[in-house]
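Okay, protein19.txt is below, compact mmCIF, C-alpha atoms and all ligand atoms:
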```txt
# COMPACT_ATOMS: atom_id res chain seq x y z
CA MET A 6 58.76 -22.18 87.00
CA SER A 7 59.82 -25.66 88.08
CA SER A 8 61.08 -26.62 84.60
CA TYR A 9 63.48 -23.68 84.67
CA THR A 10 65.07 -24.79 87.91
CA GLU A 11 65.23 -28.42 86.82
CA ILE A 12 66.99 -27.77 83.54
CA LEU A 13 69.69 -25.29 84.58
CA PRO A 14 72.80 -26.14 86.58
CA GLU A 15 72.34 -24.81 90.09
CA LYS A 16 75.09 -22.22 89.92
CA PHE A 17 73.13 -20.26 87.31
CA LEU A 18 69.89 -20.18 89.27
CA ASN A 19 69.10 -16.94 91.08
CA GLN A 20 71.66 -14.99 89.06
CA THR A 21 70.71 -11.54 87.80
CA SER A 22 71.06 -10.44 84.19
CA ASP A 23 74.10 -8.37 85.20
CA GLU A 24 75.73 -11.38 86.82
CA LEU A 25 74.99 -13.71 83.94
CA PHE A 26 76.31 -11.17 81.44
CA SER A 27 79.58 -10.69 83.36
CA TYR A 28 80.01 -14.44 83.59
CA SER A 29 79.18 -14.96 79.95
CA LYS A 30 81.62 -12.30 78.79
CA ASN A 31 84.49 -14.43 80.08
CA ILE A 32 83.56 -17.53 78.14
CA VAL A 33 81.72 -16.13 75.08
CA PRO A 34 82.97 -13.25 72.89
CA GLY A 35 81.14 -10.15 74.12
CA GLY A 36 78.92 -12.43 76.18
CA VAL A 37 76.57 -13.07 73.24
CA HIS A 38 76.05 -15.48 70.38
CA SER A 39 74.76 -12.84 67.97
CA PRO A 40 76.03 -9.24 68.20
CA VAL A 41 72.68 -7.47 68.11
CA ARG A 42 71.71 -9.06 71.43
CA SER A 43 74.50 -7.29 73.27
CA PHE A 44 72.81 -3.92 74.01
CA LYS A 45 75.90 -2.31 72.50
CA ASN A 46 76.11 1.45 73.17
CA LEU A 47 73.15 1.25 75.56
CA HIS A 48 75.44 0.96 78.60
CA ILE A 49 73.18 -1.51 80.37
CA SER A 50 73.35 -5.30 80.50
CA PRO A 51 71.11 -7.18 78.13
CA ARG A 52 68.08 -8.76 79.76
CA PHE A 53 68.50 -12.51 80.24
CA VAL A 54 65.21 -14.10 79.32
CA LYS A 55 63.83 -16.96 81.34
CA LYS A 56 60.61 -17.67 79.48
CA GLY A 57 58.14 -16.32 76.95
CA ASP A 58 54.37 -16.54 76.77
CA GLY A 59 52.14 -14.95 74.13
CA ALA A 60 53.23 -11.35 73.60
CA TYR A 61 55.33 -11.30 76.78
CA PHE A 62 58.64 -12.53 78.07
CA GLU A 63 60.06 -12.62 81.55
CA ASP A 64 63.68 -11.97 82.51
CA VAL A 65 65.60 -13.92 85.14
CA GLU A 66 64.76 -11.25 87.74
CA GLY A 67 61.06 -11.89 87.13
CA ASN A 68 60.32 -8.62 85.30
CA GLN A 69 57.77 -9.06 82.55
CA TYR A 70 58.00 -7.24 79.22
CA ILE A 71 55.71 -6.77 76.25
CA ASP A 72 57.97 -8.18 73.55
CA PHE A 73 58.15 -6.27 70.26
CA CYS A 74 61.22 -8.14 69.09
CA MET A 75 59.71 -11.63 68.98
CA SER A 76 63.08 -13.29 68.41
CA PHE A 77 63.62 -10.84 65.51
CA GLY A 78 60.62 -12.12 63.61
CA PRO A 79 60.10 -15.89 63.73
CA LEU A 80 57.40 -15.81 66.42
CA ILE A 81 54.57 -14.42 64.32
CA LEU A 82 52.03 -16.24 66.51
CA GLY A 83 53.65 -15.19 69.78
CA HIS A 84 55.65 -17.18 72.33
CA GLN A 85 54.42 -20.72 73.05
CA ASN A 86 51.58 -20.80 70.57
CA PRO A 87 49.46 -23.68 71.96
CA LYS A 88 49.09 -25.58 68.67
CA VAL A 89 52.78 -25.35 67.84
CA LYS A 90 53.66 -26.42 71.37
CA ALA A 91 51.29 -29.41 71.24
CA ALA A 92 52.70 -30.55 67.90
CA LEU A 93 56.27 -30.17 69.09
CA THR A 94 55.55 -32.11 72.25
CA LYS A 95 54.09 -34.99 70.21
CA ALA A 96 56.96 -34.87 67.72
CA LEU A 97 59.51 -35.15 70.55
CA ASP A 98 58.18 -38.64 71.31
CA ASN A 99 59.63 -39.84 68.01
CA GLY A 100 63.13 -38.45 68.46
CA TRP A 101 64.68 -35.23 67.25
CA THR A 102 67.00 -35.96 64.36
CA PHE A 103 67.50 -38.87 62.00
CA GLY A 104 69.88 -37.72 59.28
CA ALA A 105 67.66 -39.76 57.00
CA CYS A 106 64.59 -39.12 54.88
CA GLU A 107 61.45 -38.53 56.96
CA PRO A 108 57.85 -37.54 56.20
CA TYR A 109 57.83 -34.27 58.22
CA SER A 110 59.77 -32.26 55.64
CA VAL A 111 57.64 -33.73 52.85
CA ALA A 112 54.57 -32.40 54.63
CA LEU A 113 56.06 -28.91 55.00
CA ALA A 114 57.38 -28.80 51.42
CA ASP A 115 53.98 -29.98 50.18
CA PHE A 116 52.14 -27.32 52.17
CA LEU A 117 54.45 -24.57 50.89
CA THR A 118 54.44 -25.55 47.22
CA GLU A 119 50.62 -25.82 47.37
CA ARG A 120 50.13 -22.43 49.02
CA ILE A 121 52.75 -20.45 47.06
CA SER A 122 51.87 -20.64 43.38
CA PHE A 123 55.25 -19.55 42.03
CA ILE A 124 57.44 -22.15 43.71
CA ASP A 125 57.67 -25.72 42.40
CA GLN A 126 60.43 -26.93 44.68
CA ILE A 127 62.01 -26.00 47.97
CA ARG A 128 65.17 -27.04 49.84
CA PHE A 129 65.34 -26.64 53.63
CA VAL A 130 68.49 -25.42 55.35
CA ASN A 131 69.17 -24.19 58.90
CA SER A 132 69.22 -20.41 58.69
CA GLY A 133 68.52 -17.40 56.51
CA THR A 134 72.24 -16.98 55.94
CA GLU A 135 72.53 -20.50 54.64
CA ALA A 136 69.54 -19.98 52.36
CA VAL A 137 71.13 -16.86 50.85
CA MET A 138 74.49 -18.58 50.48
CA THR A 139 72.85 -21.42 48.58
CA ALA A 140 70.73 -19.10 46.42
CA LEU A 141 73.83 -17.17 45.35
CA ARG A 142 75.76 -20.34 44.52
CA LEU A 143 72.78 -21.65 42.59
CA ALA A 144 72.44 -18.40 40.61
CA ARG A 145 76.14 -18.52 39.77
CA GLY A 146 75.91 -22.19 38.83
CA ILE A 147 72.92 -21.62 36.56
CA THR A 148 74.22 -18.50 34.82
CA LYS A 149 77.91 -19.52 34.85
CA LYS A 150 78.72 -15.96 35.90
CA ASP A 151 80.39 -14.66 39.06
CA LYS A 152 79.32 -11.14 39.95
CA ILE A 153 76.42 -10.19 42.19
CA ILE A 154 74.51 -6.94 42.60
CA LYS A 155 73.29 -6.18 46.10
CA PHE A 156 71.86 -3.00 47.64
CA ASN A 157 73.27 -0.79 50.33
CA GLY A 158 71.11 -1.18 53.43
CA CYS A 159 69.82 -4.67 52.64
CA TYR A 160 70.97 -7.41 55.00
CA HIS A 161 71.34 -10.93 53.70
CA GLY A 162 72.97 -12.71 56.62
CA HIS A 163 76.67 -13.08 57.33
CA VAL A 164 77.87 -14.86 54.19
CA ASP A 165 81.21 -13.39 52.95
CA SER A 166 79.95 -12.02 49.65
CA MET A 167 77.08 -10.13 51.35
CA LEU A 168 79.19 -8.36 53.99
CA ILE A 169 80.13 -5.68 51.52
CA LYS A 170 79.26 -2.02 51.75
CA ALA A 171 79.19 0.53 48.97
CA GLY A 172 82.54 1.99 47.98
CA SER A 173 82.45 5.60 46.89
CA GLY A 174 80.27 5.29 43.83
CA LEU A 175 80.69 2.75 41.05
CA ALA A 176 84.32 3.64 40.49
CA GLY A 177 85.12 2.94 44.15
CA GLU A 178 86.62 -0.32 45.33
CA PRO A 179 84.07 -2.57 47.01
CA GLU A 180 84.70 -2.49 50.71
CA ALA A 181 84.04 -5.32 53.14
CA SER A 182 81.96 -4.42 56.19
CA SER A 183 83.77 -7.08 58.22
CA LEU A 184 87.35 -8.16 58.66
CA GLY A 185 88.17 -11.52 57.17
CA ILE A 186 86.51 -11.09 53.78
CA PRO A 187 88.97 -11.93 50.99
CA LYS A 188 89.55 -9.11 48.54
CA ASN A 189 88.70 -11.29 45.57
CA VAL A 190 85.33 -12.17 47.15
CA ALA A 191 84.56 -8.50 47.77
CA GLU A 192 85.38 -7.70 44.16
CA ASP A 193 82.58 -9.88 42.89
CA THR A 194 79.88 -8.02 44.83
CA ILE A 195 78.73 -4.70 43.42
CA VAL A 196 76.73 -2.56 45.81
CA CYS A 197 74.09 -0.17 44.41
CA GLU A 198 71.92 2.30 46.30
CA LEU A 199 68.28 1.35 46.80
CA ASN A 200 65.85 3.19 44.56
CA ASN A 201 68.65 4.18 42.15
CA ARG A 202 67.96 2.86 38.65
CA ASP A 203 70.88 4.55 37.02
CA GLU A 204 73.43 2.73 39.17
CA VAL A 205 71.89 -0.62 38.26
CA ILE A 206 71.93 0.21 34.55
CA GLN A 207 75.54 1.41 34.73
CA THR A 208 76.59 -1.70 36.65
CA PHE A 209 75.06 -4.04 34.09
CA LYS A 210 76.83 -2.05 31.37
CA LYS A 211 80.20 -1.97 33.07
CA TYR A 212 80.14 -5.69 33.88
CA LYS A 213 78.49 -6.90 30.71
CA ASN A 214 77.78 -10.66 30.76
CA GLN A 215 79.35 -10.95 34.21
CA ILE A 216 76.38 -10.44 36.53
CA ALA A 217 74.89 -13.69 37.83
CA CYS A 218 72.13 -12.18 39.89
CA VAL A 219 70.55 -9.23 41.63
CA ILE A 220 69.62 -9.88 45.26
CA ILE A 221 67.31 -7.59 47.20
CA GLU A 222 65.09 -7.60 50.25
CA PRO A 223 61.89 -6.68 48.40
CA LEU A 224 60.86 -4.99 51.65
CA PRO A 225 64.16 -3.80 53.13
CA ALA A 226 63.61 -4.19 56.87
CA ASN A 227 67.07 -4.62 58.38
CA ASN A 228 68.13 -0.98 58.32
CA GLY A 229 64.88 0.51 59.37
CA LEU A 230 61.95 0.06 57.05
CA LEU A 231 62.89 1.31 53.57
CA VAL A 232 59.74 0.52 51.60
CA GLN A 233 60.58 0.47 47.90
CA ASP A 234 58.54 1.88 45.06
CA GLN A 235 57.02 -1.20 43.43
CA ASN A 236 58.19 0.08 40.04
CA PHE A 237 61.77 -0.24 41.22
CA LEU A 238 61.23 -3.97 41.78
CA VAL A 239 59.63 -4.28 38.31
CA PHE A 240 62.61 -2.42 36.88
CA LEU A 241 65.02 -4.88 38.51
CA GLN A 242 63.10 -7.78 37.07
CA GLU A 243 63.33 -6.26 33.57
CA GLN A 244 67.04 -5.54 33.94
CA CYS A 245 67.67 -9.14 35.01
CA LYS A 246 65.73 -10.50 32.04
CA GLU A 247 67.57 -8.27 29.58
CA ASN A 248 70.94 -9.26 30.96
CA ASP A 249 70.35 -12.99 31.57
CA ALA A 250 70.79 -12.55 35.28
CA LEU A 251 68.56 -14.04 37.98
CA LEU A 252 66.47 -11.99 40.37
CA ILE A 253 66.63 -13.21 43.97
CA PHE A 254 64.14 -11.96 46.53
CA ASP A 255 65.46 -12.40 50.04
CA GLU A 256 62.17 -12.81 51.91
CA VAL A 257 63.70 -14.02 55.16
CA ILE A 258 61.85 -11.25 57.03
CA SER A 259 58.99 -10.46 54.65
CA GLY A 260 58.04 -14.03 53.73
CA PHE A 261 54.87 -15.24 55.55
CA ARG A 262 54.68 -11.85 57.26
CA ILE A 263 53.60 -9.34 54.62
CA ALA A 264 51.51 -12.05 52.98
CA PHE A 265 51.90 -15.81 53.01
CA GLY A 266 53.92 -15.61 49.79
CA GLY A 267 55.72 -12.49 51.02
CA MET A 268 56.32 -9.42 48.89
CA ALA A 269 56.31 -11.55 45.72
CA GLU A 270 52.68 -12.45 46.41
CA LYS A 271 51.78 -8.96 47.57
CA THR A 272 53.25 -7.22 44.49
CA GLY A 273 52.83 -9.95 41.88
CA ILE A 274 56.50 -9.54 40.99
CA ILE A 275 57.87 -13.06 40.84
CA PRO A 276 61.61 -13.57 41.39
CA ASP A 277 63.62 -16.43 39.90
CA LEU A 278 64.73 -17.62 43.31
CA VAL A 279 63.45 -16.79 46.76
CA THR A 280 64.95 -17.28 50.20
CA TYR A 281 62.98 -17.76 53.40
CA GLY A 282 63.92 -17.99 57.07
CA LYS A 283 62.61 -16.76 60.42
CA ILE A 284 58.84 -17.52 60.34
CA ILE A 285 59.26 -20.64 58.18
CA GLY A 286 60.57 -22.54 61.21
CA GLY A 287 58.11 -21.07 63.69
CA GLY A 288 61.00 -20.29 66.07
CA LEU A 289 63.19 -23.32 65.39
CA PRO A 290 66.17 -22.97 63.04
CA VAL A 291 64.99 -23.25 59.44
CA GLY A 292 65.86 -21.47 56.22
CA ALA A 293 64.82 -22.36 52.70
CA ILE A 294 65.48 -21.63 49.10
CA ALA A 295 62.75 -22.07 46.53
CA GLY A 296 61.87 -21.52 42.90
CA LYS A 297 60.98 -23.19 39.64
CA LYS A 298 61.85 -26.84 39.20
CA ALA A 299 64.29 -26.22 36.35
CA PHE A 300 66.39 -23.96 38.58
CA MET A 301 66.03 -25.91 41.81
CA GLU A 302 67.06 -29.18 40.16
CA GLN A 303 70.47 -27.70 39.49
CA LEU A 304 71.09 -28.46 43.18
CA ALA A 305 72.79 -31.71 44.23
CA PRO A 306 72.02 -34.59 44.04
CA VAL A 307 70.29 -33.90 40.69
CA GLY A 308 72.45 -31.02 39.49
CA GLY A 309 76.01 -29.88 39.90
CA VAL A 310 75.52 -27.13 42.51
CA TYR A 311 76.52 -28.63 45.85
CA GLN A 312 74.59 -28.03 49.07
CA ALA A 313 74.11 -30.21 52.15
CA GLY A 314 73.35 -30.17 55.89
CA THR A 315 73.62 -32.65 58.77
CA LEU A 316 70.63 -31.16 60.57
CA SER A 317 68.79 -29.78 57.51
CA ALA A 318 65.04 -30.34 57.63
CA ASN A 319 65.28 -31.26 61.29
CA PRO A 320 61.99 -33.00 62.11
CA LEU A 321 61.15 -30.84 65.13
CA ALA A 322 61.81 -27.69 63.11
CA MET A 323 59.64 -29.02 60.27
CA VAL A 324 56.75 -29.68 62.67
CA SER A 325 57.10 -26.26 64.27
CA GLY A 326 57.19 -24.62 60.83
CA LEU A 327 54.15 -26.47 59.54
CA GLU A 328 52.03 -25.80 62.65
CA THR A 329 52.97 -22.14 62.50
CA LEU A 330 52.31 -21.70 58.79
CA LYS A 331 48.97 -23.55 58.98
CA GLN A 332 47.70 -20.82 61.29
CA LEU A 333 48.55 -18.03 58.84
CA THR A 334 45.04 -17.71 57.43
CA ASP A 335 43.63 -14.60 55.79
CA GLU A 336 41.61 -14.03 58.94
CA ASN A 337 44.68 -14.16 61.14
CA TYR A 338 46.59 -11.79 58.84
CA LYS A 339 43.71 -9.33 59.22
CA LYS A 340 43.84 -9.68 63.01
CA MET A 341 47.61 -9.22 63.13
CA GLU A 342 47.50 -6.12 60.98
CA GLU A 343 44.73 -4.72 63.14
CA ASN A 344 46.86 -5.50 66.22
CA THR A 345 49.74 -3.60 64.64
CA ARG A 346 47.59 -0.57 63.81
CA ASN A 347 46.33 -0.40 67.41
CA ILE A 348 49.82 -0.66 68.87
CA CYS A 349 51.23 1.96 66.50
CA GLN A 350 48.41 4.35 67.39
CA ILE A 351 49.12 3.93 71.10
CA PHE A 352 52.83 4.69 70.58
CA ARG A 353 51.90 7.65 68.33
CA ASP A 354 49.63 9.13 71.02
CA HIS A 355 52.36 8.67 73.60
CA PHE A 356 54.98 10.44 71.46
CA GLN A 357 52.58 13.37 71.06
CA GLU A 358 52.29 13.73 74.81
CA MET A 359 56.00 13.51 75.54
CA PRO A 360 57.99 16.61 74.54
CA GLN A 361 61.23 14.62 74.15
CA PHE A 362 59.61 12.24 71.63
CA GLN A 363 57.62 14.68 69.52
CA ASP A 364 60.07 14.40 66.68
CA LEU A 365 59.52 10.64 66.43
CA LYS A 366 57.28 8.97 63.94
CA ILE A 367 56.19 5.35 63.70
CA TYR A 368 56.13 3.88 60.20
CA SER A 369 54.51 0.52 59.62
CA PHE A 370 54.02 -2.03 56.88
CA GLY A 371 51.90 -5.10 57.62
CA THR A 372 52.98 -6.31 61.05
CA LEU A 373 56.35 -4.53 60.99
CA PHE A 374 56.89 -1.09 62.43
CA TRP A 375 59.81 1.27 62.84
CA ILE A 376 60.25 4.31 65.06
CA THR A 377 62.51 7.06 63.70
CA PRO A 378 62.73 10.85 63.51
CA LYS A 379 60.17 12.11 60.95
CA LYS A 380 61.23 12.04 57.30
CA ASP A 381 59.41 12.85 54.07
CA ARG A 382 61.02 10.02 52.24
CA LEU A 383 62.55 6.76 53.43
CA ARG A 384 63.70 4.69 50.47
CA SER A 385 67.47 4.41 50.85
CA LEU A 386 70.08 4.49 53.60
CA ASP A 387 70.85 8.14 52.86
CA ASP A 388 67.29 9.08 53.81
CA ILE A 389 67.73 7.92 57.42
CA SER A 390 68.04 10.69 60.01
CA GLY A 391 71.47 11.26 61.59
CA LYS A 392 69.67 11.62 64.93
CA LEU A 393 68.22 8.11 64.78
CA SER A 394 70.54 6.29 67.20
CA GLU A 395 70.53 9.06 69.78
CA SER A 396 66.74 9.31 69.87
CA PHE A 397 66.40 5.53 69.87
CA PHE A 398 68.62 5.10 72.92
CA GLU A 399 66.53 7.63 74.81
CA LEU A 400 63.31 5.90 73.81
CA PHE A 401 64.62 2.41 74.57
CA LYS A 402 65.68 3.42 78.07
CA HIS A 403 62.33 5.12 78.62
CA LEU A 404 60.39 1.98 77.63
CA LEU A 405 62.44 -0.80 79.21
CA PRO A 406 61.70 0.08 82.87
CA LYS A 407 58.00 0.27 81.95
CA GLY A 408 58.14 -3.35 80.79
CA ILE A 409 58.17 -2.63 77.05
CA TYR A 410 60.90 -4.31 75.03
CA LEU A 411 62.03 -3.17 71.60
CA ALA A 412 64.87 -4.83 69.69
CA PRO A 413 67.95 -3.18 71.25
CA ASN A 414 69.14 -1.37 68.13
CA ALA A 415 67.80 1.68 66.31
CA TYR A 416 67.96 0.03 62.89
CA GLU A 417 65.90 -3.00 63.86
CA VAL A 418 62.19 -2.93 63.10
CA GLY A 419 59.49 -3.81 65.64
CA PHE A 420 57.54 -7.03 65.23
CA ALA A 421 53.91 -7.50 66.19
CA SER A 422 52.26 -10.91 66.30
CA LEU A 423 48.91 -12.64 66.54
CA ALA A 424 49.39 -12.59 70.32
CA HIS A 425 49.61 -8.76 70.43
CA ASP A 426 45.82 -8.52 70.70
CA GLU A 427 43.55 -5.83 72.16
CA ASN A 428 44.37 -6.91 75.73
CA VAL A 429 48.05 -6.41 75.06
CA ALA A 430 47.28 -3.05 73.45
CA MET A 431 45.42 -2.01 76.61
CA GLU A 432 48.32 -3.18 78.74
CA LEU A 433 50.74 -1.21 76.53
CA LYS A 434 48.66 1.93 76.99
CA LYS A 435 48.60 1.40 80.76
CA ARG A 436 52.35 0.85 80.94
CA LEU A 437 53.07 3.93 78.84
CA GLU A 438 50.89 6.06 81.11
CA GLN A 439 52.70 4.90 84.26
C1 LIG B 501 67.51 -12.36 59.28
C2 LIG B 501 67.83 -12.22 57.85
C3 LIG B 501 68.82 -13.00 57.23
C4 LIG B 501 69.72 -13.93 57.99
O1 LIG B 501 69.02 -14.98 58.56
P1 LIG B 501 69.72 -15.78 59.78
O2 LIG B 501 68.73 -16.87 60.09
O3 LIG B 501 69.92 -14.81 60.87
O4 LIG B 501 71.00 -16.32 59.25
C5 LIG B 501 68.99 -12.89 55.87
N1 LIG B 501 68.23 -12.04 55.15
C6 LIG B 501 67.27 -11.29 55.70
C7 LIG B 501 66.44 -10.40 54.84
C8 LIG B 501 67.05 -11.32 57.08
O5 LIG B 501 66.12 -10.55 57.63
```
Rendering of file as structure tokens:
Amino acid sequence: MSSYTEILPEKFLNQTSDELFSYSKNIVPGGVHSPVRSFKNLHISPRFVKKGDGAYFEDVEGNQYIDFCMSFGPLILGHQNPKVKAALTKALDNGWTFGACEPYSVALADFLTERISFIDQIRFVNSGTEAVMTALRLARGITKKDKIIKFNGCYHGHVDSMLIKAGSGLAGEPEASSLGIPKNVAEDTIVCELNNRDEVIQTFKKYKNQIACVIIEPLPANNGLLVQDQNFLVFLQEQCKENDALLIFDEVISGFRIAFGGMAEKTGIIPDLVTYGKIIGGGLPVGAIAGKKAFMEQLAPVGGVYQAGTLSANPLAMVSGLETLKQLTDENYKKMEENTRNICQIFRDHFQEMPQFQDLKIYSFGTLFWITPKKDRLRSLDDISGKLSESFFELFKHLLPKGIYLAPNAYEVGFASLAHDENVAMELKKRLEQ
């Protein structure tokens, strides 16, 4: 408690979430630094979080929540994991950035290239977006081609070429999903539907010798959980080989979560390049791009594909990443998946008892889960129920006052962690029954 009061300027102490949000809205666009935090369409102020501990966080009013957002994924061990905290505290004694070579990133790169058999080299950046941006530039540099295939419903951060939504079919003009994207950038991104082989084949045909790469979330988890048929991923790999294009797996969410080596390890389908983020920094800002040496050495200073970063491989972030990843043992994966199963069952039982939620189903994969109106098939954006947002808002507002926090958007998945153990499951059950 004391640290909170010592760090903050006095005028922000004892302010409620409502007050802080009003104040923030004057000096920050929409009051937030990332749009999904804004509780848009929920018509309540976002909770302002004071501190986190294990599976819980506490808002500035002192209300405590079971956190199923976990910073949108990085905190796979929970808030303030003791080993990560101890390592960070020690690391602080040496300073927090050097802009020079240091041994901390060597240790993390060594650990990763040892544990993940299909990567020879890795380059650390500061976010998932940056990792994707670099992977795309690298793929274009290697293949000397410009066009990119991405899939409708996959999120790859806010880089210009990825903020493109499907036009109307292949004949349609690519359409930016944000203002400020140059037309000529949009034209180089072709958007296909997930699980649609024909569109991919037609795209490779139409743009013969022009496609640099196919990028996909091998477990699409940013527009609900759209688990792909493994054969679709194999198909993409074959198409890329046939057409001299690179396959990029964006494992920013799935990496270190579904398995240590992400979906690539889980399925045995090995991409040419892979991007990581979220868990890799254990809650500090880290992204990474990795792959075979021959590809990775096309990056500067060895190769001609430029990439750089003032704070890249920040020593504190490297220490936090390493201490987090070291704890991702087979045993802990088993525990986390068990935690997730327990939590999902408790939600499931609750939905059964509540007439207004009987239409809802909870889908899970590893330690991710997603609550949505029941569907037979969920492989592409079109499969998602039109009633999703409406039912989500009702559920969110039912859970929040009980001290249960979901990510404040219907399309975001839920994240369980090592800290969401049987005690937390019991507490969840108790809070739901209140
Ligand atoms: C979160 C995410 C990103 C973007 O990462 P940031 O660190 O938010 O820039 C990119 N791709 C996927 C699959 C993600 O889940």
- request: Just the residues within 8 Å of range 220-237 of chain A, please, counting only C-alpha atoms, with nothing from its chain fewer than 4 positions along; format it as a ChimeraX atom specification.
  value: /A:153-156,158-161,199-200,202,241,252-256,258-259,268-269,272,368-369,374-375,383-386,415-418
message: Taking 5 positions as the minimum chain separation for residues in the same chain, which residues sit within 10 Å of Asn99 in chain A when counting only C-alpha atoms? Answer as number ranges by chain.
response: A: 94, 320-321
- request: Mind listing whatever residues come within 12 Å of the point (74.8, -0.7, 81.0)? Use all atoms listed in the file, file coordinates, and give them as a ChimeraX atom specification.
  value: /A:22-23,26-27,43-52,398,402
Exercise: range 283-297 of chain A partners within 9 Å, all atoms listed in the file, chain neighbours under 6 positions left out, as a PyMOL selection string: chain A and resi 76-82+84+89+123-137+139-140+257-258+260-262+276-277+317-319+321-330
- request: Place a sphere of radius 12 Å on (57.8, 4.2, 81.4) in the file coordinates and name every protein, DNA or RNA residue with an atom inside or on its surface, counting only C-alpha atoms; give the answer as a list in words.
  value: Tyr70, Phe352, His355, Met359, Glu399, Leu400, Phe401, Lys402, His403, Leu404, Leu405, Pro406, Lys407, Gly408, Ile409, Tyr410, Leu433, Lys434, Lys435, Arg436, Leu437, Glu438 and Gln439 of chain A
Could you write out as JSON the box around ligand LIG 501 (chain B) (axis-aligned, all atoms listed in the file, 8 Å on each side), with centre and edge lengths in Å to one decimal?
```
{"center_x": 68.6, "center_y": -13.6, "center_z": 57.9, "size_x": 20.9, "size_y": 22.5, "size_z": 22.0}
```
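Shortest separation to ligand LIG 501 (chain B) among A:Val65, A:Ala264, A:Met301, A:Leu373 occurs at residue A:Leu373, atoms counted being all atoms listed in the file.
Excluding Gly146 in chain A and any residue on its chain fewer than 5 positions from it, the residues at most 8 Å away by all atoms listed in the file are A:Gln303, A:Gly309, A:Val310.
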Nearest to Gln69 in chain A, chosen from A:Asp249, A:Lys56, A:Glu343, A:Lys170, with all atoms listed in the file counted in the distances: A:Lys56
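Distance-wise, CA of Val190 in chain A and CA of Asp165 in chain A end up 7.2 Å apart.
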task: For Ala144 in chain A, work out the shell of residues within 7 Å, counting only C-alpha atoms and skipping chain neighbours fewer than 4 positions away, then give it as number ranges by chain.
output: A: 140, 148, 217-218, 251
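The space between CA of Ala191 in chain A and CA of Tyr311 in chain A spans 21.8 Å.
What separates CA of Lys392 in chain A from CA of Thr377 in chain A is a distance of 8.6 Å.
With all atoms listed in the file as the basis for measurement, A:Gly371 is the residue among A:Ala112, A:Gly371, A:Leu13, A:Pro40 that approaches Lys271 in chain A most closely.
When all atoms listed in the file are used to measure the gap to Leu141 in chain A, the shortest distance among A:Phe265, A:Ile275, A:Phe116, A:Leu304 belongs to A:Leu304.
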task: Can you work out which one of A:Tyr281, A:Leu423, A:Gly267, A:Glu358 has the shortest atom-to-atom distance to ligand LIG 501 (chain B), counting all atoms listed in the file?
output: A:Tyr281
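For the choices A:Val279, A:Val33, A:Met341, A:Ala171, the atom-to-atom distance to ligand LIG 501 (chain B) is smallest for A:Val279 when using all atoms listed in the file.
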